[in-house]
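Let me begin by presenting the structure, written as structure tokens, before commenting on it.
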Amino acid sequence: MAAISREEVAHLARLSRLAVTDQELDRLAGQLDVILQSVARVGEVAADDIPPTSHSVPLVNVLREDVVVPGLTRAEALSGAPDTAEDRFRVPQILADEE
Amino acid sequence: MSTNVLPTYDDVVSRYEPVIGLETHVELGTVTKMFCGCPTDFGAEPNTQVCPVCLGLPGSLPVANRAAIEATIRIGLALNCSIATWCRFARKNYFYPDMPKNYQISQYDEPLCVDGYLDVEVDGELVRIGIERVHLEEDTGKTLHVGGATGRIHGATESLVDYNRAGIPLVEIVTKPVPGLGARAPEIAKAYVAELRDVIRTLGVSDVRMEQGSMRCDVNTSLNLPGAEWGTRTETKNVNSLRSVERSVRTEMLRQAMVLDGGGTITQETRHFHEDTGDTTSGRSKETATDYRYFPEPDLVPLAPEPVWVEQLKAALPELPRQHRARLKTEWNLSDLDMQSILNAGAVELIERTVAAGASPEAARKWWLGELSRRANADGVELEAVGATPEQVAKLQVLVASGKLTDKLARQVLEGVLAGEGDPEQIMAARGLEVVSDTGALTAAIDEAIAANPEVAEKIRGGNQAAAGVLIGAVMKTTKGQADAKTVRELVLARLAS
Amino acid sequence: MSDLIKLSAAALGEKIAAGEVSAEEVTRAHLDRIAEVDGRVHAFLHVDDEGAVQAARAVDAQRAAGDKLGPLAGVPIAIKDVIATKGIPSTAASKILEGWRPPYDATVMTRIRDAGMVMLGKTNMDEFAMGSSTEYSAYGPTFNPWDLTRIPGGSGGGSAASLAAYEAPLAIGTDTGGSIRQPGAVTGTVGAKPTYGGTSRYGLIAFSSSLDTPGPCARTVLDAALLHQVIAGHDPRDSTSIPLPVPDVVAAARQGASGDLTGVRVGLVKEFSGEGAEPGVMAVFRDTVEALTKLGAEVVEVSCPHFQYALPAYYLIAPSECSSNLARFDSVRFGLRVGDDGRNSLEEVMSLTREAGFGEEVKRRIILGTFALSSGYYDAYYGQAQKVRTLITRDFTAAFEKVDVLVSPTTPFTAFELGARTADPYQMYLADLYTIPTNLYGGPGISVPAGLSDGLPVGLQVMAPTMADDRMYRIAAAVESTVGTFAPPAL
């Protein structure tokens with residue numbers, strides 16, 4: 001049985017904002033299936049009582065003081081932008097209504 | 001469903017039970033942002049308070065602001081929460097242009113503060129609102145929609161993004177679902193938000209100004225039949241004033257009742273509240289909502305507030321509003337009813353500041369609940385936005401107490417203050433409203449009145465003091481009302497007694 | 001060809017400090033070499049001739065003014081293109097960042113500049129450091145100076161190749177699953193991954209935040225240690241940076257060069273006994289272990305039973321983090337924008353941009369990671385991988401109770417021919433079989449040339465406990481002292 005279907009891959013691509021072509025989708029679905037079948041091996045390990053590791057450094061409470069640090073000038077901030085207007089980053093019309 | 005009739009509120013609450021829940025976002029008043037050293041000043045020129053971190057430039061990394069963590073713990077403590085001994089930030093992944101990294105650093109299943117409550121006083125009765133969690137996250141940038149009608153996203157042809165606000169620390173305070181409030185649900189929702197605002201303002205961690213967006217509310221509402229399971233809830237966003245909190249719950253209760261009465265079902269969705277009409281309209285449906293793919297933020301290490309640190313913060317908490325009000329009630333020597341009317345008018349802090357500026361508690365209460373409340377009602381604004389500051393009111397009262405103004409003159413001066421003409425003394429001078437206390441001028445006016453009314457003077461000399469009114473009236477007329485009637489009376493009687 | 005380019009960084013630094021040669025001469029010699037051979041090697045994506053000469057002249061001026069120079073002042077260096085360099089193109093070898101000039105320097109870069117080092121340019125790599133051959137660069141592959149039909153390893157193939165081709169004496173790499181060590185192994189150079197948190201990630205264009213580690217690439221162990229000393233140390237701008245003194249890796253490298261390993265316990269990982277590895281690689285490995293014994297080391301076998309799950313765990317954790325890290329490439333604040341024709345919505349423009357701007361391997365990993373973090377799958381994939389990470393860490397901890405270091409081949413195979421593994425992504429992933437466990441654990445690892453197999457370099461990997469970076473340098477230097485260094489045929 002396939003670990004992931006073509007439809008699932010298409011959904012994940014949309015979620016990831018990737019306008020993949022049909023051809024690409026065919027190829028990706030096959031490759032991801034092979035990869036997923038292989039990485040699913042992590043499930044062989046009995047690890048119910050094992051805590052997950054999210055960070056390998058044993059640090060906690062790394063905090064900065066509430067003091068202003070010079071940032072970028074507006075020109076620097078906007079320097080890499082594909083498009084700007086009125087000192088802001090310009091984007092095409094937004095359709096989705098998230099958050 | 002559109003043919004359904006909107007039921008009356010009384011009808012709704014007689015047949016349905018509401019359950020409400022509130023999610024309140026508070027922008028912290030830290031000097032710098034949550035994860036970088038950029039300033040947080042309100043109203044700066046676009047994209048001038050940004051750096052690689054809050055712009056989400058490739059390679060940049062966050063470092064958490066100690067002051068924001070402390071402020072959140074203090075809010076948690078003030079809301080009687082347990083403070084986590086170990087917790088983490090998490091990434092909430094979704095694409096939106098106002099979010100520079102296309103994920104928000106937030107907290108997911110490990111919030112900093114959990115399981116508290118806030119007691120809210122409504123009409124002298126305490127209602128306990130459970131607090132589910134208090135967590136910390138980062139704010140988004142601001143998007144300007146261009147080309148459409150009145151800055152709305154719909155119909156806009158393009159949008160412009162300013163990231164000055166991106167990364168400002170935001171505390172989210174989530175209540176537990178609150179059932180059993182019945183008809184009072186809207187009122188209690190408002191009272192909760194007001195109390196929360198007062199608590200946070202007392203802590204000094206935010207200016208909690210709803211009109212500037214530093215405090216924002218999402219209101220969850222559902223209806224169920226008595227004895228039945230809770231209904232499907234809607235989440236009303238964009239509720240940005242205390243009045244709107246109350247109205248949005250009420251509106252949503254009425255709308256949901258109408259839908260249910262018509263045999264329809266409530267869709268779990270986000271709704272937007274419109275301040276102008278008081279209506280809510282459908283936003284995004286939750287079914288199609290993004291899977292946020294939360295996972296522990298690998299760029300930040302866990303938070304493990306040490307008990308000593310938390311205890312220190314707890315010991316340093318200020319007196320909270322409810323204790324504070326109890327103390328004021330005693331100090332000001334007020335009845336329950338008096339205190340209640342002050343609370344209802346939202347005048348506690350105003351009166352307190354007026355007293356601090358030199359007025360007596362009675363006088364301060366009289367001004368704020370009397371003339372100024374009338375004016376605020378007439379103008380349809382909150383009392384604090386009426387146009388007079390506590391300092392100005394105190395000055396006015398000091399002038400009355402010292403005899404420089406009569407009550408009547410003081411009201412005229414207040415008119416000037418409300419009209420923005422300046423401080424009381426400036427207005428007195430500009431309008432020429434000072435009490436005529438120059439004895440020479442008053443004596444001359446009295447002598448003139450006696451000369452003009454010899455028979456009245458004679459009656460007074462004969463012991464009929466009640467006749468003095470005529471002479472007093474004449475003097476007040478001469479001085480254009482700027483003399484103190486009591487003083488004039490004393491002077492008239494003294495003059496005719498000799 | 002100037003003789004200067006064959007010198008070690010340590011020697012160049014000494015000559016410059018002593019005034020025997022100017023920094024400008026050294027820099028020009030390397031720039032000339034780049035002009036001569038990089039058309040064939042393609043180690044560089046961007047060469048900053050002008051900036052390099054200016055930086056070199058500044059060092060010469062300092063010396064002329066009587067300032068004491070640091071050990072690497074005036075020494076040229078190549079920087080992997082995943083490091084943000086202020087005003088200099090930083091693309092991570094991706095089309096989506098073509099032409100982006102960061103308005104800031106990475107911490108590693110700041111320290112390199114502060115040390116008076118001279119940046120020659122930015123080196124090629126697999127796009128966003130995802131790959132093991134540098135074939136996934138959007139700007140064309142890098143060719144292995146040992147054999148131009150073969151890959152130089154990856155992701156940091158450009159940095160490693162620049163060293164092997166004598167275009168630079170030092171380079172910066174980044175190691176997420178082996179991207180410093182594996183290229184080092186297949187180009188006959190030295191590559192060290194410091195302890196995670198030992199070098200700052202600030203300004204490293206993130207691939208997998210909990211694994212990415214910048215580190216030194218060099219032709220000798222001592223050179224690597226000297227560069228390590230420059231770039232390592234606590235950085236308050238990186239929350240995961242370790243606030244401890246840097247182990248004295250330079251002293252350790254010098255100590256190791258004496259060739260005495262008496263009393264050192266070296267562990268062989270039982271689970272890395274050679275299954276799937278080329279026989280030639282295993283032969284060199286066994287000879288090297290034998291050599292270590294002759295230097296006085298005690299060699300024992302230790303079992304790390306969960307290492308077999310490292311590769312699958314890595315290919316869940318790294319893609320998951322990358323799917324989130326790469327979300328910021330959205331055509332709004334920087335980089336490419338495609339399809340903004342006045343009709344497409346922002347959502348469409350974002351999707352078209354990311355589709356056009358990311359290469360196939362990057363897209364594969366983004367989709368894989370998005371899947372592994374999805375609500376129905378999180379526990380079985382990402383969550384489980386993090387538990388495996390804990391078990392691998394425990395394996396390391398237990399092993400280091402018995403031995404001082406672990407050794408293995410760096411990679412199962414020598415440099416393969418271009419195109420040999422691109423058809424099957426999983427075959428490519430196997431290149432990092434031996435290097436990945438260290439990344440999951442967070443400890444340091446180094447690849448040092450150990451010999452040749454069919455005329456191609458083979459690397460030995462030395463793994464040490466976290467913050468014991470000095471220990472791995474000592475062992476690596478001892479290996480170098482006994483097996484020597486290896487130079488490719490003339491280009």
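Residue numbers start at 1 in each chain; chains themselves are named A, B, ... in the order of the structure tokens; ligands are numbered from 1 in the order shown.
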Report task. Starting from chain A, keep only residues with some atom at most 8 Å from an atom of chain C, counting only C-alpha atoms, and report them as a ChimeraX atom specification. Result -> /A:9,12-20,28,31-32,34-36,38-43,45,47,50-57,59,62-64,72,76-83,89-96
Query raised in the report: If we count only C-alpha atoms, which residues of chain B reach to within 9 Å of chain A? Please list them as a ChimeraX atom specification.
Result: /B:30-39,45-52,55,63-69,86,94-97,145-146,153-163,283-284,289-291,296-305
Query - Residue among B:Gln392, B:Asn344, B:Ser248, B:Asn93 lying closest to chain C, counting only C-alpha atoms - result: B:Asn93
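With only C-alpha atoms as the atoms that count, the minimum distance from chain C to the choices B:Val413, B:Met99, B:Leu396, B:Leu126 is reached by B:Met99.
Counting only C-alpha atoms, Gly233 of chain C has the following residues at most 7 Å away, ignoring those fewer than 5 positions along the same chain: Gly198, Thr199, Pro245 and Val246 of chain C.
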Query raised in the report: chain B residues within 6 Å of chain C, counting only C-alpha atoms: which ones, as a PyMOL selection string?
Result: chain B and resi 58-61+63+101-102+293+298+300
Requested write-out: N, CA and C atoms of the selected residues, as a PDB file, in the first residue's frame:
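So the final result, stored in result-v7.pdb, reads:
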```pdb
ATOM      1  N   PRO B  58      16.251  35.998   5.599  1.00  0.00           N
ATOM      2  CA  PRO B  58      16.932  34.714   5.697  1.00  0.00           C
ATOM      3  C   PRO B  58      18.131  34.810   6.641  1.00  0.00           C
ATOM      4  N   GLY B  59      18.282  33.842   7.515  1.00  0.00           N
ATOM      5  CA  GLY B  59      19.428  33.788   8.418  1.00  0.00           C
ATOM      6  C   GLY B  59      19.202  34.442   9.769  1.00  0.00           C
ATOM      7  N   SER B  60      18.162  35.260   9.895  1.00  0.00           N
ATOM      8  CA  SER B  60      17.966  35.959  11.172  1.00  0.00           C
ATOM      9  C   SER B  60      17.392  34.997  12.215  1.00  0.00           C
ATOM     10  N   LEU B  61      17.609  35.309  13.488  1.00  0.00           N
ATOM     11  CA  LEU B  61      17.167  34.432  14.574  1.00  0.00           C
ATOM     12  C   LEU B  61      16.541  35.240  15.702  1.00  0.00           C
ATOM     13  N   VAL B  63      15.543  36.156  19.687  1.00  0.00           N
ATOM     14  CA  VAL B  63      15.953  35.982  21.088  1.00  0.00           C
ATOM     15  C   VAL B  63      14.865  36.646  21.933  1.00  0.00           C
ATOM     16  N   LYS B 101       7.659  35.716   8.493  1.00  0.00           N
ATOM     17  CA  LYS B 101       8.277  34.401   8.310  1.00  0.00           C
ATOM     18  C   LYS B 101       7.276  33.384   7.770  1.00  0.00           C
ATOM     19  N   ASN B 102       6.034  33.804   7.639  1.00  0.00           N
ATOM     20  CA  ASN B 102       4.941  32.888   7.305  1.00  0.00           C
ATOM     21  C   ASN B 102       4.772  31.776   8.345  1.00  0.00           C
ATOM     22  N   ARG B 293       0.127  23.081  11.675  1.00  0.00           N
ATOM     23  CA  ARG B 293       1.370  22.309  11.783  1.00  0.00           C
ATOM     24  C   ARG B 293       2.298  22.871  12.879  1.00  0.00           C
ATOM     25  N   PRO B 298      12.475  25.607  17.018  1.00  0.00           N
ATOM     26  CA  PRO B 298      13.851  25.137  17.246  1.00  0.00           C
ATOM     27  C   PRO B 298      14.854  26.276  17.449  1.00  0.00           C
ATOM     28  N   LEU B 300      14.469  28.750  19.484  1.00  0.00           N
ATOM     29  CA  LEU B 300      14.413  29.247  20.862  1.00  0.00           C
ATOM     30  C   LEU B 300      14.518  28.071  21.821  1.00  0.00           C
TER      31      LEU B 300
END
```
Residues near Thr293 of chain C, cut-off 9 Å, only C-alpha atoms, skip fewer than 4 positions along chain, as a short mmCIF file (atom, residue, chain, number, x, y, z; two decimals) with N, CA and C atoms, in the first residue's frame:
```cif
data_model
loop_
_atom_site.label_atom_id
_atom_site.label_comp_id
_atom_site.auth_asym_id
_atom_site.auth_seq_id
_atom_site.Cartn_x
_atom_site.Cartn_y
_atom_site.Cartn_z
N LEU C 261 49.12 8.76 20.68
CA LEU C 261 47.74 8.59 21.16
C LEU C 261 47.68 7.60 22.32
N THR C 262 48.77 7.50 23.04
CA THR C 262 48.81 6.57 24.18
C THR C 262 47.69 6.91 25.16
N VAL C 266 39.60 4.55 21.42
CA VAL C 266 38.89 4.84 20.18
C VAL C 266 37.81 3.79 19.97
N THR C 288 43.45 2.66 8.53
CA THR C 288 43.61 3.85 9.37
C THR C 288 43.45 3.49 10.84
N VAL C 289 42.49 2.63 11.14
CA VAL C 289 42.29 2.19 12.51
C VAL C 289 43.54 1.47 13.01
N ALA C 297 46.74 4.16 20.46
CA ALA C 297 45.34 4.18 20.84
C ALA C 297 44.83 2.77 21.12
N GLU C 298 43.89 2.71 22.05
CA GLU C 298 43.25 1.43 22.34
C GLU C 298 41.93 1.42 21.57
N VAL C 299 41.75 0.44 20.71
CA VAL C 299 40.56 0.42 19.86
C VAL C 299 39.57 -0.63 20.37
#
```
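The gap separating atom CA of Ala78 of chain C from atom CA of Ala168 of chain C is 6.2 Å, in Å to one decimal.
Here atom CA of Val171 of chain B stands at a distance of 14.1 Å from atom CA of Arg209 of chain B.
Proximity to Ser244 of chain B at 10 Å, evaluated using only C-alpha atoms and with sequence-adjacent residues fewer than 2 positions away removed, yields Pro186, Lys190, Cys217, Asn238, Val239, Asn240, Ser241, Leu242, Glu246, Arg247, Ser248, Val249, Arg250, Thr251, Phe273, His274, Glu275, Asp276 and Gly278 of chain B.
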Residue list (strand (DSSP E or B), DSSP) for segment 94-229 of chain C, as a PDB file with N, CA and C atoms, in the first residue's frame:
```pdb
ATOM      1  N   VAL C 118      40.357  37.588   4.555  1.00  0.00           N
ATOM      2  CA  VAL C 118      39.973  38.194   3.286  1.00  0.00           C
ATOM      3  C   VAL C 118      38.989  37.289   2.558  1.00  0.00           C
ATOM      4  N   MET C 119      37.755  37.753   2.422  1.00  0.00           N
ATOM      5  CA  MET C 119      36.775  36.927   1.735  1.00  0.00           C
ATOM      6  C   MET C 119      36.963  37.015   0.226  1.00  0.00           C
ATOM      7  N   LEU C 120      37.167  35.863  -0.397  1.00  0.00           N
ATOM      8  CA  LEU C 120      37.351  35.824  -1.853  1.00  0.00           C
ATOM      9  C   LEU C 120      36.017  35.823  -2.580  1.00  0.00           C
ATOM     10  N   GLY C 121      35.048  35.140  -2.033  1.00  0.00           N
ATOM     11  CA  GLY C 121      33.761  35.038  -2.700  1.00  0.00           C
ATOM     12  C   GLY C 121      32.891  33.981  -2.055  1.00  0.00           C
ATOM     13  N   LYS C 122      31.790  33.682  -2.738  1.00  0.00           N
ATOM     14  CA  LYS C 122      30.784  32.763  -2.198  1.00  0.00           C
ATOM     15  C   LYS C 122      30.806  31.463  -2.983  1.00  0.00           C
ATOM     16  N   THR C 123      30.730  30.351  -2.255  1.00  0.00           N
ATOM     17  CA  THR C 123      30.899  29.063  -2.926  1.00  0.00           C
ATOM     18  C   THR C 123      29.582  28.344  -3.200  1.00  0.00           C
ATOM     19  N   ASN C 144      34.578  17.889  -9.063  1.00  0.00           N
ATOM     20  CA  ASN C 144      35.606  17.475  -8.109  1.00  0.00           C
ATOM     21  C   ASN C 144      36.998  17.625  -8.730  1.00  0.00           C
ATOM     22  N   ASP C 147      38.739  14.600 -10.096  1.00  0.00           N
ATOM     23  CA  ASP C 147      38.228  14.025 -11.342  1.00  0.00           C
ATOM     24  C   ASP C 147      37.002  14.854 -11.713  1.00  0.00           C
ATOM     25  N   ARG C 150      33.381  13.860 -11.672  1.00  0.00           N
ATOM     26  CA  ARG C 150      32.768  13.396 -10.425  1.00  0.00           C
ATOM     27  C   ARG C 150      32.309  14.561  -9.546  1.00  0.00           C
ATOM     28  N   LEU C 170      41.259  28.281   2.922  1.00  0.00           N
ATOM     29  CA  LEU C 170      40.270  28.009   3.966  1.00  0.00           C
ATOM     30  C   LEU C 170      38.888  28.287   3.395  1.00  0.00           C
ATOM     31  N   ALA C 171      37.880  27.640   3.989  1.00  0.00           N
ATOM     32  CA  ALA C 171      36.506  27.917   3.570  1.00  0.00           C
ATOM     33  C   ALA C 171      35.569  27.676   4.745  1.00  0.00           C
ATOM     34  N   ILE C 172      34.399  28.302   4.631  1.00  0.00           N
ATOM     35  CA  ILE C 172      33.353  28.060   5.622  1.00  0.00           C
ATOM     36  C   ILE C 172      32.338  27.111   5.002  1.00  0.00           C
ATOM     37  N   GLY C 173      31.925  26.150   5.801  1.00  0.00           N
ATOM     38  CA  GLY C 173      30.856  25.264   5.386  1.00  0.00           C
ATOM     39  C   GLY C 173      29.759  25.276   6.433  1.00  0.00           C
ATOM     40  N   THR C 174      28.676  24.582   6.144  1.00  0.00           N
ATOM     41  CA  THR C 174      27.645  24.379   7.168  1.00  0.00           C
ATOM     42  C   THR C 174      27.250  22.915   7.094  1.00  0.00           C
ATOM     43  N   ASP C 175      26.991  22.349   8.251  1.00  0.00           N
ATOM     44  CA  ASP C 175      26.775  20.909   8.326  1.00  0.00           C
ATOM     45  C   ASP C 175      25.452  20.637   9.035  1.00  0.00           C
ATOM     46  N   VAL C 190      39.938  18.567   4.798  1.00  0.00           N
ATOM     47  CA  VAL C 190      39.485  18.432   6.183  1.00  0.00           C
ATOM     48  C   VAL C 190      38.206  19.256   6.365  1.00  0.00           C
ATOM     49  N   GLY C 191      37.204  18.651   6.988  1.00  0.00           N
ATOM     50  CA  GLY C 191      35.980  19.394   7.268  1.00  0.00           C
ATOM     51  C   GLY C 191      35.507  19.083   8.670  1.00  0.00           C
ATOM     52  N   ALA C 192      35.264  20.132   9.469  1.00  0.00           N
ATOM     53  CA  ALA C 192      34.857  19.908  10.861  1.00  0.00           C
ATOM     54  C   ALA C 192      33.493  20.502  11.135  1.00  0.00           C
ATOM     55  N   LYS C 193      32.630  19.686  11.730  1.00  0.00           N
ATOM     56  CA  LYS C 193      31.360  20.175  12.245  1.00  0.00           C
ATOM     57  C   LYS C 193      31.534  20.388  13.740  1.00  0.00           C
ATOM     58  N   TYR C 196      27.011  21.496  18.070  1.00  0.00           N
ATOM     59  CA  TYR C 196      25.870  22.376  17.798  1.00  0.00           C
ATOM     60  C   TYR C 196      25.789  23.416  18.916  1.00  0.00           C
ATOM     61  N   THR C 199      29.123  27.199  17.337  1.00  0.00           N
ATOM     62  CA  THR C 199      29.285  28.285  16.370  1.00  0.00           C
ATOM     63  C   THR C 199      27.915  28.880  16.102  1.00  0.00           C
ATOM     64  N   LEU C 204      23.062  32.405   9.075  1.00  0.00           N
ATOM     65  CA  LEU C 204      23.110  31.180   8.269  1.00  0.00           C
ATOM     66  C   LEU C 204      21.685  30.962   7.757  1.00  0.00           C
ATOM     67  N   THR C 213      24.907  23.663  11.554  1.00  0.00           N
ATOM     68  CA  THR C 213      26.093  24.098  12.296  1.00  0.00           C
ATOM     69  C   THR C 213      27.156  24.611  11.320  1.00  0.00           C
ATOM     70  N   PRO C 214      27.549  25.872  11.428  1.00  0.00           N
ATOM     71  CA  PRO C 214      28.653  26.353  10.592  1.00  0.00           C
ATOM     72  C   PRO C 214      29.976  25.798  11.114  1.00  0.00           C
ATOM     73  N   GLY C 215      30.915  25.599  10.197  1.00  0.00           N
ATOM     74  CA  GLY C 215      32.201  25.069  10.638  1.00  0.00           C
ATOM     75  C   GLY C 215      33.279  25.305   9.599  1.00  0.00           C
ATOM     76  N   PRO C 216      34.515  24.945   9.974  1.00  0.00           N
ATOM     77  CA  PRO C 216      35.652  25.219   9.105  1.00  0.00           C
ATOM     78  C   PRO C 216      35.949  24.106   8.102  1.00  0.00           C
ATOM     79  N   CYS C 217      36.443  24.524   6.926  1.00  0.00           N
ATOM     80  CA  CYS C 217      36.938  23.601   5.914  1.00  0.00           C
ATOM     81  C   CYS C 217      38.371  24.041   5.599  1.00  0.00           C
ATOM     82  N   ALA C 218      39.283  23.052   5.461  1.00  0.00           N
ATOM     83  CA  ALA C 218      40.688  23.400   5.281  1.00  0.00           C
ATOM     84  C   ALA C 218      41.409  22.239   4.603  1.00  0.00           C
TER      85      ALA C 218
END
```
Report task. Would you mind telling me which residue in C:Arg394, C:Arg28, C:Arg33, C:Lys95 lies nearest to Asp49 of chain C when using only C-alpha atoms? Result -> C:Arg28
Query raised in the report: What are the DSSP alpha helix (DSSP H) residues of segment 325-435 of chain B, as a ChimeraX atom specification?
Result: /B:325-331,336-344,348-356,361-369,371-379,390-401,407-418,424-431
Requested in this report: Write out as an MDAnalysis selection string which residues come within 10 Å of Gly403 of chain B when counting only C-alpha atoms, dropping same-chain ones fewer than 3 positions away.
Outcome: chainID B and resid 397:400 406:407 434:437 483:484 487
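When atom CA of Asp3 of chain C is paired with atom CA of Ala478 of chain C, their separation reads 26.4 Å.
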